[in-house]
Amino acid sequence: NLGVMTDQPLSFKLATKQKVMKNKTLFAIDTSTEEENFLQCQRWKEEGSKLAEAGKYHQALSCFDACIGLTPEQHMPYELRAQFFLELGENFKAIQSAEKCITLDPSFAAGFLTLARAQLNFGEPEMADETIKKAQELDSGNEEIQQQARDILEILQKKAERENLEAEPQ
């Protein structure tokens, strides 16, 4: 249900659709303007953020899905949705959403950070290490990225130590 936001005026159109029958195929034509979609997406992001702060992650996801439906070319809603998937423990979905984010904007360091976290949670520290290095290249002064890189390095070192112990003859 996309009716989460009840404080919006009724005259605002989420996405005005006209159905046109052509050659026995039903087409939906979006008559909303790009600006209207962008503004509505901003409202959905704000509402989703409020819901997330209240711990209502599934409802927040619905808001970001609505935003993505309106502006699928915008990278930010994918990154925010990935964060919510991480909160819900849906790591593979988080990876997919974060990958879409960085595909849309390969210069967005926070997208790489979120992808690295998702890969790490999915059990892929080596992939997370490669991804966090890309985030570091894009924003070397970001302390959150630097801390995540240190955490990943520590995990990789512990993993290597365990593998070495297991490889030693008993």
# chains A, B, ... in the order shown; residues from 1 in each chain; ligands from 1
call {"tool": "residues_around", "arguments": {"residues": "stretch 119-131 of chain A", "least_positions_apart": "4", "cutoff": "12 Å", "atoms": "only C-alpha atoms", "output": "ChimeraX atom specification"}}
result
/A:82-83,85-99,102,106,109-115,135-138,145-146,148-160
call {"tool": "residues_around", "arguments": {"residues": "A:Tyr78", "least_positions_apart": "3", "cutoff": "8 Å", "atoms": "only C-alpha atoms", "output": "list of chain:residue names"}}
result
A:Phe64, A:Ile68, A:Gln74, A:His75, A:Arg81, A:Ala82, A:Ser97, A:Ala98, A:Lys100, A:Cys101
call {"tool": "write_last_selection", "arguments": {"atoms": "C-alpha atoms", "output": "PDB file, in the first residue's frame"}}
result
ATOM      1  CA  PHE A  64      11.870   3.601  -1.090  1.00  0.00           C
ATOM      2  CA  ILE A  68      12.511   3.957  -7.132  1.00  0.00           C
ATOM      3  CA  GLN A  74      18.336   8.089  -9.185  1.00  0.00           C
ATOM      4  CA  HIS A  75      21.063   6.244  -7.244  1.00  0.00           C
ATOM      5  CA  ARG A  81      17.058   0.650   0.423  1.00  0.00           C
ATOM      6  CA  ALA A  82      20.253  -1.431   0.679  1.00  0.00           C
ATOM      7  CA  SER A  97      20.369  -2.783  -4.340  1.00  0.00           C
ATOM      8  CA  ALA A  98      23.829  -1.375  -3.556  1.00  0.00           C
ATOM      9  CA  LYS A 100      22.351  -0.926  -8.704  1.00  0.00           C
ATOM     10  CA  CYS A 101      23.257   2.265  -6.830  1.00  0.00           C
TER      11      CYS A 101
END
call {"tool": "select_by_dssp", "arguments": {"residues": "chain A", "states": "helix (DSSP H, G or I)", "output": "VMD selection string"}}
result
chain A and resid 34 to 53 57 to 70 76 to 87 91 to 104 109 to 121 125 to 138 143 to 167
call {"tool": "select_by_dssp", "arguments": {"residues": "chain A", "states": "strand (DSSP E or B)", "output": "ChimeraX atom specification"}}
result
/A:17-22,25-30
call {"tool": "closest_residue", "arguments": {"among": "A:Ser62, A:Ser140, A:Gln147, A:Thr71", "to": "A:Thr33", "atoms": "only C-alpha atoms"}}
result
A:Thr71
call {"tool": "atom_distance", "arguments": {"atom1": "atom CA of A:Phe84", "atom2": "atom CA of A:Asn142"}}
result
21.4 Å
call {"tool": "residues_around", "arguments": {"residues": "A:Arg43", "least_positions_apart": "3", "cutoff": "9 Å", "atoms": "only C-alpha atoms", "output": "MDAnalysis selection string"}}
result
chainID A and resid 5 38:40 46:48 63 67
call {"tool": "write_last_selection", "arguments": {"atoms": "N, CA and C atoms", "output": "PDB file, in the first residue's frame"}}
result
ATOM      1  N   MET A   5       1.698   8.113   3.210  1.00  0.00           N
ATOM      2  CA  MET A   5       1.776   9.545   3.435  1.00  0.00           C
ATOM      3  C   MET A   5       0.387  10.151   3.317  1.00  0.00           C
ATOM      4  N   PHE A  38      10.284  13.634  -9.085  1.00  0.00           N
ATOM      5  CA  PHE A  38      11.418  13.900  -8.206  1.00  0.00           C
ATOM      6  C   PHE A  38      10.929  14.416  -6.856  1.00  0.00           C
ATOM      7  N   LEU A  39       9.991  15.361  -6.867  1.00  0.00           N
ATOM      8  CA  LEU A  39       9.469  15.919  -5.613  1.00  0.00           C
ATOM      9  C   LEU A  39       8.742  14.859  -4.795  1.00  0.00           C
ATOM     10  N   GLN A  40       7.953  14.030  -5.462  1.00  0.00           N
ATOM     11  CA  GLN A  40       7.266  12.963  -4.734  1.00  0.00           C
ATOM     12  C   GLN A  40       8.276  11.961  -4.181  1.00  0.00           C
ATOM     13  N   GLU A  46      11.779  11.039   2.665  1.00  0.00           N
ATOM     14  CA  GLU A  46      11.598  11.610   4.004  1.00  0.00           C
ATOM     15  C   GLU A  46      10.714  10.720   4.863  1.00  0.00           C
ATOM     16  N   GLU A  47       9.607  10.271   4.285  1.00  0.00           N
ATOM     17  CA  GLU A  47       8.696   9.389   5.018  1.00  0.00           C
ATOM     18  C   GLU A  47       9.395   8.072   5.359  1.00  0.00           C
ATOM     19  N   GLY A  48      10.136   7.511   4.423  1.00  0.00           N
ATOM     20  CA  GLY A  48      10.869   6.275   4.674  1.00  0.00           C
ATOM     21  C   GLY A  48      11.897   6.427   5.777  1.00  0.00           C
ATOM     22  N   CYS A  63       8.351   2.696   1.043  1.00  0.00           N
ATOM     23  CA  CYS A  63       8.524   4.086   0.606  1.00  0.00           C
ATOM     24  C   CYS A  63       9.647   4.188  -0.414  1.00  0.00           C
ATOM     25  N   CYS A  67       9.647   5.297  -4.346  1.00  0.00           N
ATOM     26  CA  CYS A  67      10.563   6.315  -4.872  1.00  0.00           C
ATOM     27  C   CYS A  67      11.315   5.784  -6.091  1.00  0.00           C
TER      28      CYS A  67
END
call {"tool": "atom_distance", "arguments": {"atom1": "atom CA of A:Cys41", "atom2": "atom CA of A:Ala66"}}
result
7.5 Å
call {"tool": "atom_distance", "arguments": {"atom1": "atom CA of A:Trp44", "atom2": "atom CA of A:Gly69"}}
result
10.8 Å
